[in-house]
$ cat final22.csv   # CSV, C-alpha atoms
chain,number,residue,atom,x,y,z
A,1,MET,CA,22.8,-9.1,15.1
A,2,ARG,CA,19.8,-6.8,14.8
A,3,LEU,CA,19.4,-4.0,17.4
A,4,ARG,CA,15.9,-4.3,18.9
A,5,ILE,CA,14.1,-1.1,19.7
A,6,SER,CA,13.7,-0.1,23.3
A,7,LEU,CA,10.4,1.8,23.8
A,8,SER,CA,10.9,2.2,27.5
A,9,SER,CA,9.8,5.9,27.3
A,10,VAL,CA,6.8,5.1,25.2
A,11,SER,CA,3.6,3.7,26.5
A,12,LYS,CA,2.8,0.4,24.7
A,13,THR,CA,1.4,-3.0,24.9
A,14,LEU,CA,2.7,-6.1,23.2
A,15,SER,CA,-0.4,-8.3,23.4
A,16,THR,CA,-1.6,-9.8,20.1
A,17,THR,CA,-5.2,-10.0,21.4
A,18,SER,CA,-7.8,-7.3,20.8
A,19,ILE,CA,-6.4,-4.0,22.0
A,20,ASP,CA,-8.2,-0.7,22.7
A,21,HIS,CA,-5.9,2.2,21.8
A,22,PRO,CA,-7.3,5.2,23.5
A,23,LYS,CA,-7.1,8.6,21.9
A,24,ILE,CA,-4.0,10.5,23.2
A,25,PRO,CA,-3.2,14.2,22.9
A,26,PHE,CA,-1.6,15.2,19.6
A,27,THR,CA,1.6,16.5,21.2
A,28,THR,CA,2.0,13.2,23.0
A,29,ALA,CA,1.5,11.3,19.7
A,30,VAL,CA,4.2,13.5,18.1
A,31,GLN,CA,6.7,12.8,20.9
A,32,GLU,CA,6.0,9.1,21.0
A,33,LEU,CA,6.4,8.6,17.2
A,34,ALA,CA,9.5,10.7,17.2
A,35,THR,CA,11.0,8.4,19.9
A,36,PHE,CA,9.9,5.4,17.8
A,37,LEU,CA,11.8,6.7,14.8
A,38,ARG,CA,14.9,7.7,16.8
A,39,ASN,CA,15.2,4.3,18.3
A,40,GLY,CA,14.7,2.5,15.0
A,41,ARG,CA,17.1,4.7,12.9
A,42,PRO,CA,18.2,3.9,10.3
A,43,ASN,CA,16.3,0.7,9.9
A,44,ILE,CA,12.6,1.7,9.9
A,45,THR,CA,10.4,0.1,7.2
A,46,VAL,CA,7.3,2.0,6.2
A,47,LEU,CA,4.1,0.5,4.7
A,48,THR,CA,1.7,2.9,3.1
A,49,GLY,CA,-1.8,2.6,1.7
A,50,ALA,CA,-4.5,4.7,-0.1
A,51,GLY,CA,-5.0,7.0,2.9
A,52,VAL,CA,-1.7,8.8,2.2
A,53,SER,CA,-2.9,10.0,-1.2
A,54,THR,CA,-6.3,11.4,-0.2
A,55,ASP,CA,-4.8,14.8,0.4
A,56,SER,CA,-3.6,14.6,-3.2
A,57,ALA,CA,-7.3,14.3,-4.2
A,58,ILE,CA,-7.0,10.6,-5.0
A,59,PRO,CA,-9.8,8.7,-3.1
A,60,ASP,CA,-9.1,5.8,-0.8
A,61,TYR,CA,-11.2,2.6,-0.6
A,62,ARG,CA,-12.8,2.6,2.9
A,63,GLY,CA,-12.5,6.1,4.3
A,64,VAL,CA,-15.3,8.6,4.7
A,65,ASN,CA,-15.3,9.4,0.9
A,66,GLY,CA,-13.8,6.0,-0.1
A,67,THR,CA,-14.9,4.0,-3.1
A,68,TYR,CA,-16.6,1.3,-1.1
A,69,THR,CA,-18.1,3.7,1.3
A,70,LEU,CA,-19.9,5.8,-1.3
A,71,ASN,CA,-20.7,2.8,-3.5
A,72,PRO,CA,-21.1,-0.4,-1.5
A,73,ASP,CA,-21.9,-2.3,-4.7
A,74,TYR,CA,-18.6,-1.3,-6.3
A,75,LYS,CA,-17.0,-4.3,-8.1
A,76,PRO,CA,-13.3,-3.9,-9.0
A,77,ILE,CA,-12.1,-5.8,-12.1
A,78,PHE,CA,-10.6,-9.2,-11.4
A,79,TYR,CA,-7.6,-10.7,-13.0
A,80,GLN,CA,-9.4,-13.7,-14.3
A,81,ALA,CA,-12.1,-11.6,-16.0
A,82,PHE,CA,-9.6,-9.3,-17.6
A,83,VAL,CA,-7.6,-12.2,-19.1
A,84,ALA,CA,-10.7,-14.1,-20.3
A,85,SER,CA,-13.1,-11.4,-21.4
A,86,ASP,CA,-12.8,-9.1,-24.4
A,87,GLU,CA,-15.7,-7.1,-23.0
A,88,ALA,CA,-14.0,-6.7,-19.6
A,89,ARG,CA,-10.9,-5.3,-21.3
A,90,HIS,CA,-12.9,-2.9,-23.4
A,91,ARG,CA,-14.6,-1.7,-20.2
A,92,TYR,CA,-11.3,-1.5,-18.2
A,93,TRP,CA,-9.4,0.5,-20.8
A,94,ALA,CA,-12.3,2.9,-21.3
A,95,ARG,CA,-12.4,3.5,-17.5
A,96,SER,CA,-8.6,3.8,-17.4
A,97,PHE,CA,-8.4,6.2,-20.3
A,98,LEU,CA,-10.6,8.7,-18.5
A,99,GLY,CA,-9.1,8.1,-15.1
A,100,PHE,CA,-5.4,8.2,-15.9
A,101,PRO,CA,-5.0,11.9,-16.8
A,102,PRO,CA,-5.8,13.0,-13.2
A,103,VAL,CA,-3.4,10.4,-11.8
A,104,MET,CA,-0.7,11.6,-14.2
A,105,THR,CA,-1.0,15.2,-13.1
A,106,THR,CA,-1.6,14.7,-9.4
A,107,GLN,CA,1.1,16.0,-7.1
A,108,PRO,CA,2.4,14.6,-3.8
A,109,ASN,CA,1.2,16.0,-0.5
A,110,PRO,CA,2.9,16.6,2.9
A,111,THR,CA,2.7,12.9,3.9
A,112,HIS,CA,4.7,11.9,0.8
A,113,TYR,CA,7.2,14.7,1.4
A,114,ALA,CA,7.5,14.0,5.2
A,115,LEU,CA,8.4,10.3,4.5
A,116,THR,CA,11.0,11.4,1.9
A,117,VAL,CA,12.6,13.7,4.4
A,118,LEU,CA,12.6,11.0,7.1
A,119,GLN,CA,14.3,8.7,4.6
A,120,SER,CA,16.8,11.3,3.4
A,121,PRO,CA,16.9,14.5,5.5
A,122,SER,CA,19.3,16.2,3.2
A,123,SER,CA,16.6,16.1,0.5
A,124,LEU,CA,14.6,18.8,2.3
A,125,SER,CA,16.4,21.8,0.7
A,126,SER,CA,15.8,20.5,-2.8
A,127,LEU,CA,12.2,19.7,-2.0
A,128,SER,CA,11.7,23.2,-0.6
A,129,SER,CA,13.0,24.8,-3.7
A,130,SER,CA,10.8,22.8,-6.0
A,131,SER,CA,7.5,22.6,-4.1
A,132,PRO,CA,4.9,25.1,-3.1
A,133,SER,CA,4.8,26.4,0.4
A,134,LEU,CA,2.2,25.1,2.7
A,135,ASP,CA,-0.8,27.1,4.0
A,136,ILE,CA,-2.4,25.0,6.7
A,137,GLN,CA,-5.0,26.2,9.2
A,138,GLY,CA,-4.2,29.8,8.6
A,139,GLN,CA,-0.5,29.5,9.4
A,140,GLY,CA,0.5,31.1,6.2
A,141,LYS,CA,3.5,30.2,4.2
A,142,ILE,CA,6.1,28.1,6.0
A,143,GLU,CA,9.7,28.4,4.9
A,144,ALA,CA,12.0,25.5,5.5
A,145,PRO,CA,15.2,26.1,7.4
A,146,GLN,CA,18.5,26.0,5.4
A,147,TYR,CA,21.2,23.4,6.1
A,148,ILE,CA,24.7,25.0,5.8
A,149,GLN,CA,27.9,23.1,5.8
A,150,ASN,CA,30.6,24.5,8.1
A,151,GLN,CA,33.8,23.9,6.3
A,152,ASP,CA,36.0,24.6,9.4
A,153,GLN,CA,34.3,22.3,11.8
A,154,GLY,CA,33.1,19.7,9.3
A,155,GLN,CA,29.7,19.8,10.9
A,156,VAL,CA,26.2,20.7,9.7
A,157,GLN,CA,24.7,23.7,11.4
A,158,VAL,CA,21.0,24.3,11.2
A,159,GLN,CA,19.9,27.9,10.9
A,160,ASN,CA,16.5,29.3,10.3
A,161,LEU,CA,17.4,32.3,8.3
A,162,ASN,CA,13.9,33.7,8.1
A,163,GLN,CA,13.2,33.6,11.9
A,164,GLY,CA,16.8,34.4,12.8
A,165,GLN,CA,16.7,32.0,15.7
A,166,ARG,CA,18.6,28.8,16.5
A,167,GLN,CA,16.6,25.7,17.1
A,168,SER,CA,16.8,24.0,20.5
A,169,GLN,CA,20.0,22.0,21.2
A,170,ASN,CA,18.2,18.7,20.9
A,171,GLN,CA,16.8,19.6,17.5
A,172,VAL,CA,20.3,20.7,16.4
A,173,GLN,CA,21.8,17.5,17.4
A,174,ASP,CA,19.0,15.6,15.7
A,175,SER,CA,19.6,17.5,12.5
A,176,ILE,CA,23.4,16.9,12.6
A,177,GLN,CA,22.9,13.2,13.0
A,178,SER,CA,20.1,13.1,10.5
A,179,GLU,CA,22.4,14.5,7.8
A,180,ARG,CA,24.5,11.4,8.2
A,181,GLU,CA,21.6,8.9,8.1
A,182,GLY,CA,17.9,9.0,7.8
A,183,TYR,CA,15.3,7.1,9.7
A,184,ILE,CA,13.6,5.0,7.0
A,185,ARG,CA,15.4,2.4,5.0
A,186,THR,CA,12.6,0.9,2.9
A,187,LEU,CA,9.3,2.2,1.8
A,188,ILE,CA,6.7,-0.4,0.8
A,189,THR,CA,3.5,1.0,-0.7
A,190,GLN,CA,0.2,-0.6,-1.7
A,191,ASN,CA,-0.5,2.5,-3.9
A,192,VAL,CA,-0.1,2.4,-7.7
A,193,ASP,CA,-0.1,6.2,-8.2
A,194,GLY,CA,3.7,6.7,-8.1
A,195,LEU,CA,3.5,9.7,-5.7
A,196,HIS,CA,6.2,8.5,-3.4
A,197,GLN,CA,8.7,8.5,-6.2
A,198,LYS,CA,7.4,11.8,-7.5
A,199,ALA,CA,8.1,13.2,-4.0
A,200,GLY,CA,11.7,12.0,-4.2
A,201,ALA,CA,11.5,8.8,-2.1
A,202,ARG,CA,14.1,6.1,-2.9
A,203,ASN,CA,14.1,2.3,-2.2
A,204,VAL,CA,10.4,2.2,-2.9
A,205,VAL,CA,8.8,-1.3,-3.3
A,206,GLU,CA,5.5,-1.2,-5.1
A,207,LEU,CA,3.6,-4.1,-3.5
A,208,HIS,CA,0.7,-3.9,-6.0
A,209,GLY,CA,2.6,-2.5,-9.0
A,210,THR,CA,2.2,0.8,-10.8
A,211,LEU,CA,-0.3,2.5,-13.1
A,212,HIS,CA,2.6,4.2,-14.9
A,213,ARG,CA,3.5,1.1,-17.1
A,214,VAL,CA,1.6,-1.4,-19.1
A,215,LYS,CA,2.8,-5.0,-19.9
A,216,CYS,CA,2.0,-7.5,-22.6
A,217,MET,CA,0.5,-10.6,-21.1
A,218,SER,CA,2.0,-12.8,-23.8
A,219,CYS,CA,5.6,-11.6,-24.3
A,220,GLY,CA,6.2,-9.4,-21.3
A,221,HIS,CA,7.0,-6.2,-23.4
A,222,GLU,CA,6.5,-3.1,-21.3
A,223,GLU,CA,5.5,0.5,-22.4
A,224,ASP,CA,5.2,3.7,-20.5
A,225,ARG,CA,1.5,4.4,-19.6
A,226,SER,CA,1.6,8.0,-20.7
A,227,GLU,CA,2.7,6.9,-24.2
A,228,PHE,CA,0.1,4.2,-24.2
A,229,GLN,CA,-2.5,6.9,-23.4
A,230,GLN,CA,-1.7,8.6,-26.7
A,231,VAL,CA,-2.1,5.3,-28.5
A,232,LEU,CA,-5.6,4.9,-26.9
A,233,ALA,CA,-6.4,8.5,-27.9
A,234,ASP,CA,-5.5,7.9,-31.5
A,235,LEU,CA,-7.7,4.8,-31.6
A,236,ASN,CA,-10.7,6.5,-29.9
A,237,PRO,CA,-11.0,10.0,-31.3
A,238,ASP,CA,-14.6,10.4,-29.9
A,239,TRP,CA,-13.5,9.6,-26.4
A,240,ASN,CA,-10.4,11.8,-26.7
A,241,GLU,CA,-12.6,14.7,-27.9
A,242,LEU,CA,-14.4,14.6,-24.6
A,243,ILE,CA,-11.1,14.9,-22.8
A,244,GLN,CA,-10.0,17.8,-25.0
A,245,SER,CA,-13.3,19.6,-24.4
A,246,GLN,CA,-13.1,18.9,-20.7
A,247,SER,CA,-16.4,17.1,-20.8
A,248,ALA,CA,-15.2,13.6,-19.8
A,249,SER,CA,-17.1,13.9,-16.5
A,250,SER,CA,-20.3,13.4,-18.5
A,251,LEU,CA,-19.3,9.7,-18.9
A,252,TYR,CA,-18.6,8.8,-15.3
A,253,THR,CA,-19.8,9.3,-11.7
A,254,ARG,CA,-16.5,9.4,-9.8
A,255,MET,CA,-12.9,8.5,-9.8
A,256,ASN,CA,-11.6,5.4,-8.0
A,257,ALA,CA,-8.5,4.9,-5.9
A,258,ASP,CA,-7.0,2.5,-8.5
A,259,GLY,CA,-6.9,5.2,-11.2
A,260,ASP,CA,-10.0,4.4,-13.2
A,261,VAL,CA,-13.5,5.8,-13.1
A,262,GLU,CA,-17.1,4.5,-12.7
A,263,LEU,CA,-18.6,4.7,-16.1
A,264,LYS,CA,-22.2,5.6,-16.8
A,265,SER,CA,-24.2,3.6,-19.3
A,266,PRO,CA,-25.4,5.5,-22.4
A,267,GLU,CA,-28.8,5.7,-20.8
A,268,GLN,CA,-27.4,7.4,-17.7
A,269,GLN,CA,-25.5,10.0,-19.7
A,270,GLN,CA,-27.1,13.4,-19.7
A,271,PRO,CA,-27.6,14.9,-23.2
A,272,ARG,CA,-25.2,17.7,-23.9
A,273,PRO,CA,-24.8,19.9,-27.0
A,274,ASN,CA,-22.2,18.4,-29.4
A,275,ILE,CA,-21.3,15.6,-27.0
A,276,LYS,CA,-22.0,12.0,-28.2
A,277,LYS,CA,-23.2,9.3,-25.9
A,278,LEU,CA,-20.5,6.7,-25.8
A,279,ASP,CA,-20.7,3.0,-25.0
A,280,PHE,CA,-17.5,1.4,-23.5
A,281,ARG,CA,-18.0,-1.6,-25.8
A,282,THR,CA,-17.0,0.7,-28.7
A,283,PHE,CA,-13.7,1.6,-27.0
A,284,GLN,CA,-10.7,0.2,-28.9
A,285,TYR,CA,-7.4,-1.0,-27.4
A,286,PRO,CA,-4.3,-2.2,-29.2
A,287,THR,CA,-2.5,-5.5,-29.3
A,288,CYS,CA,1.2,-5.6,-28.3
A,289,SER,CA,3.5,-3.5,-30.5
A,290,CYS,CA,6.3,-6.1,-30.0
A,291,CYS,CA,4.7,-9.6,-30.5
A,292,GLY,CA,1.6,-8.3,-32.4
A,293,THR,CA,-0.8,-10.7,-30.7
A,294,GLY,CA,-0.7,-10.2,-26.9
A,295,ASN,CA,-3.0,-7.9,-24.9
A,296,TYR,CA,-1.7,-5.2,-22.6
A,297,LYS,CA,-2.5,-5.1,-19.0
A,298,PRO,CA,-1.6,-2.3,-16.5
A,299,SER,CA,1.4,-3.3,-14.4
A,300,VAL,CA,-0.7,-3.5,-11.3
A,301,VAL,CA,-1.8,-6.5,-9.3
A,302,PHE,CA,-5.5,-7.0,-9.9
A,303,PHE,CA,-7.8,-8.6,-7.4
A,304,GLY,CA,-7.4,-12.4,-7.8
A,305,GLU,CA,-3.9,-12.0,-9.1
A,306,ASN,CA,-0.8,-13.1,-7.1
A,307,VAL,CA,1.8,-10.6,-6.0
A,308,PRO,CA,5.0,-11.4,-8.0
A,309,THR,CA,7.4,-13.7,-6.1
A,310,HIS,CA,10.3,-11.2,-6.2
A,311,ILE,CA,8.1,-8.6,-4.6
A,312,LYS,CA,7.1,-11.0,-1.8
A,313,LYS,CA,10.7,-11.8,-1.2
A,314,SER,CA,11.9,-8.2,-1.1
A,315,THR,CA,9.1,-7.1,1.2
A,316,THR,CA,9.7,-10.0,3.5
A,317,GLN,CA,13.4,-9.2,3.6
A,318,ALA,CA,12.7,-5.6,4.3
A,319,ILE,CA,10.7,-6.5,7.4
A,320,LEU,CA,13.2,-9.0,8.7
A,321,GLU,CA,16.0,-6.5,8.4
A,322,SER,CA,14.1,-3.7,10.1
A,323,ASP,CA,14.0,-2.4,13.6
A,324,GLY,CA,10.5,-1.0,13.4
A,325,LEU,CA,7.5,-1.0,11.1
A,326,LEU,CA,5.6,2.2,10.6
A,327,ILE,CA,2.2,1.8,8.8
A,328,VAL,CA,0.5,4.9,7.3
A,329,GLY,CA,-2.9,5.3,5.8
A,330,THR,CA,-4.2,1.8,5.3
A,331,SER,CA,-6.8,-0.4,6.9
A,332,LEU,CA,-4.7,-3.5,6.0
A,333,THR,CA,-7.7,-5.3,4.5
A,334,THR,CA,-5.6,-7.0,1.8
A,335,TYR,CA,-3.7,-10.0,3.1
A,336,SER,CA,-0.6,-9.1,1.0
A,337,ALA,CA,-0.1,-6.1,3.3
A,338,PHE,CA,-1.4,-7.6,6.6
A,339,ARG,CA,1.0,-10.5,6.4
A,340,LEU,CA,3.9,-8.1,6.7
A,341,VAL,CA,2.4,-6.8,10.0
A,342,LYS,CA,2.0,-10.3,11.2
A,343,LEU,CA,5.6,-11.1,10.3
A,344,ALA,CA,6.9,-8.1,12.1
A,345,LYS,CA,5.0,-9.1,15.2
A,346,ASP,CA,6.1,-12.7,15.0
A,347,VAL,CA,9.8,-11.7,15.0
A,348,GLY,CA,9.4,-9.1,17.7
A,349,ILE,CA,9.6,-5.9,15.6
A,350,PRO,CA,7.7,-2.9,17.1
A,351,VAL,CA,4.7,-1.7,15.0
A,352,ALA,CA,3.3,1.8,14.9
A,353,ILE,CA,0.1,2.6,12.9
A,354,ILE,CA,-1.2,6.0,11.7
A,355,ASN,CA,-4.7,5.7,10.2
A,356,LEU,CA,-8.0,7.4,10.4
A,357,GLY,CA,-10.5,4.7,11.3
A,358,LYS,CA,-10.0,1.1,12.3
A,359,SER,CA,-7.3,-1.1,10.9
A,360,ARG,CA,-7.0,-4.8,10.7
A,361,GLY,CA,-3.6,-4.5,12.3
A,362,ASP,CA,-4.8,-2.6,15.4
A,363,PRO,CA,-4.5,-5.7,17.7
A,364,LEU,CA,-0.9,-6.0,16.7
A,365,ALA,CA,0.1,-2.4,17.1
A,366,ASP,CA,2.4,-1.2,19.8
A,367,LEU,CA,1.6,2.4,19.0
A,368,ARG,CA,-1.7,3.5,17.3
A,369,TYR,CA,-2.7,7.0,16.2
A,370,ASP,CA,-6.1,7.9,14.8
A,371,GLU,CA,-4.7,11.0,13.1
A,372,LYS,CA,-4.3,12.5,9.7
A,373,SER,CA,-0.9,11.5,8.5
A,374,THR,CA,-0.3,14.9,6.9
A,375,GLN,CA,-0.6,16.7,10.2
A,376,LEU,CA,1.1,14.1,12.4
A,377,LEU,CA,4.1,13.4,10.2
A,378,LYS,CA,4.7,17.0,9.5
A,379,ALA,CA,4.8,17.7,13.2
A,380,VAL,CA,7.1,14.7,13.8
A,381,VAL,CA,9.6,16.0,11.2
A,382,SER,CA,9.7,19.3,13.0
A,383,GLU,CA,10.0,17.5,16.4
A,384,LEU,CA,13.1,15.7,15.1
A,385,GLY,CA,14.7,19.0,14.1
A,386,LEU,CA,14.5,18.5,10.4
A,387,GLY,CA,12.6,21.7,9.5
A,388,GLN,CA,9.2,22.2,7.9
A,389,VAL,CA,7.8,19.9,5.3
A,390,PRO,CA,7.0,21.4,1.9
A,391,GLY,CA,4.0,20.3,-0.1
A,392,GLU,CA,0.6,21.3,-1.4
A,393,VAL,CA,-2.6,20.8,0.7
A,394,LYS,CA,-5.0,23.0,-1.3
A,395,HIS,CA,-5.7,21.6,-4.8
A,396,ARG,CA,-6.8,23.5,-7.8
A,397,LYS,CA,-9.7,22.1,-9.8
A,398,ARG,CA,-8.4,19.4,-12.1
A,399,THR,CA,-8.8,19.5,-15.9
A,400,MET,CA,-8.8,16.6,-18.2
A,401,ASN,CA,-7.0,18.4,-21.0
A,402,VAL,CA,-3.9,16.2,-21.1
A,403,VAL,CA,-3.9,14.0,-24.2
A,404,GLY,CA,-2.9,15.7,-27.4
A,405,SER,CA,-2.6,19.1,-25.8
$ encode --input "final22.csv" --output "structure tokens"
Amino acid sequence: MRLRISLSSVSKTLSTTSIDHPKIPFTTAVQELATFLRNGRPNITVLTGAGVSTDSAIPDYRGVNGTYTLNPDYKPIFYQAFVASDEARHRYWARSFLGFPPVMTTQPNPTHYALTVLQSPSSLSSLSSSSPSLDIQGQGKIEAPQYIQNQDQGQVQVQNLNQGQRQSQNQVQDSIQSEREGYIRTLITQNVDGLHQKAGARNVVELHGTLHRVKCMSCGHEEDRSEFQQVLADLNPDWNELIQSQSASSLYTRMNADGDVELKSPEQQQPRPNIKKLDFRTFQYPTCSCCGTGNYKPSVVFFGENVPTHIKKSTTQAILESDGLLIVGTSLTTYSAFRLVKLAKDVGIPVAIINLGKSRGDPLADLRYDEKSTQLLKAVVSELGLGQVPGEVKHRKRTMNVVGS
């Protein structure tokens, strides 16, 4: 029998009609969300979208600098076109060839790390040792507290060795319990960038697939996308030369959230010394190395393509077995994600949403925060006595010198 969350200490409304969620003080939001997580531990399911990766310099779709915001005429590739049209495949793989290197080198941000810590609090020490320190709003470097096993008492004591101060008693108790169990059981993501896994998250369900693999549409053979990138480079030396010379930006206007770029036509490309104007129709892509005839497709769910049945089943099961649904960084425009929110509400599971701007799920939300997830989740992790989240907020300028280097 599932334990239902009691949010008696949290202001909420359960109406499924249109709801106005007024802006609340940041400290109140932190306390509310911490209560939500405590009550749902360890069966919280998280659903994330493109907004969680914007602080990793991957654009979202509908935010201030989103793909659709800056280019209302943007047309993503549709599954039917990719399958039927050789020209569509030439165009897609040219765009993907230029767009994948930044995705491959992008690093997680504090939102990814915070969710990892909430899922597995004991991971904080390893994250802290392998990740840069944060420098947010002039706070300087933040060192994570160390978790030390007391062999005599068999308990975990929390000490901040740098500050030399004990945390409050509530935070200590939170930390002791958190070492035994996390707050999040399943993490469902609409993103295809793999940053949750790179941040150390486990039990991740990729609702829309991943950019890090390609699959033959005929025989099902799969290959690693980074290895496939080298195959594309060998077939297209002129295009690869642009990447090597870090001049690839001469071919596109901007990067998109799904890991490709918006190509310029040859007429739009500015003349540059020793740089050829290239037409995507000249871009070559291979047939399957296994069956020899099939065409590769990225292991992502294109627009117009169905989410695989086993993914539908696993995400549905995750919702039904949860005691709370936390939604982070998504407007829930796609029905494949929105249906999970509807399901949660239908079976009485509390819903909390963190998103900058409106969300399709707002009328169904018990808790709604119009905040940056990096700031709110970092503060919630601290409120729960788990320490400080590692990560990288400031990003160095990217280079495209990846293939063949």
$ residues_near_point --input "final22.csv" --point "(0.8, 17.1, 11.3)" --cutoff "10 Å" --atoms "only C-alpha atoms" --output "list in words"
Phe26, Thr27, Val30, Pro110, Thr111, Ala114, Ile136, Glu371, Lys372, Ser373, Thr374, Gln375, Leu376, Leu377, Lys378, Ala379, Val380, Val381, Ser382 and Val389 of chain A
$ atom_distance --input "final22.csv" --atom1 "CA of Thr309 in chain A" --atom2 "CA of Leu195 in chain A"
23.7 Å
$ atom_distance --input "final22.csv" --atom1 "CA of Ile349 in chain A" --atom2 "CA of Val205 in chain A"
19.5 Å
$ closest_residue --input "final22.csv" --among "A:Ser218, A:Thr186, A:Thr45, A:Gln229" --to "Trp93 in chain A" --atoms "all atoms listed in the file"
A:Gln229
$ closest_residue --input "final22.csv" --among "A:Tyr183, A:Tyr296, A:Phe302, A:Tyr113" --to "Gln197 in chain A" --atoms "all atoms listed in the file"
A:Tyr113
$ axis_aligned_box --input "final22.csv" --around "range 342-351 of chain A" --padding-each-side "3 Å" --output "AutoDock Vina command-line options"
--center_x 5.9 --center_y -7.2 --center_z 14.0 --size_x 13.8 --size_y 17.0 --size_z 13.4
$ closest_residue --input "final22.csv" --among "A:Tyr79, A:Arg281, A:Ser322, A:Ser336" --to "Met217 in chain A" --atoms "only C-alpha atoms"
A:Tyr79
$ residues_near_point --input "final22.csv" --point "(10.7, -10.3, 10.8)" --cutoff "6 Å" --atoms "all atoms listed in the file" --output "list in words"
Ile319, Leu320, Leu343, Ala344 and Val347 of chain A
$ residues_around --input "final22.csv" --residues "Ala233 in chain A" --least-positions-apart "2" --cutoff "10 Å" --atoms "all atoms listed in the file" --output "VMD selection string"
chain A and resid 97 227 to 231 235 to 241 243 284 to 285 403 to 404
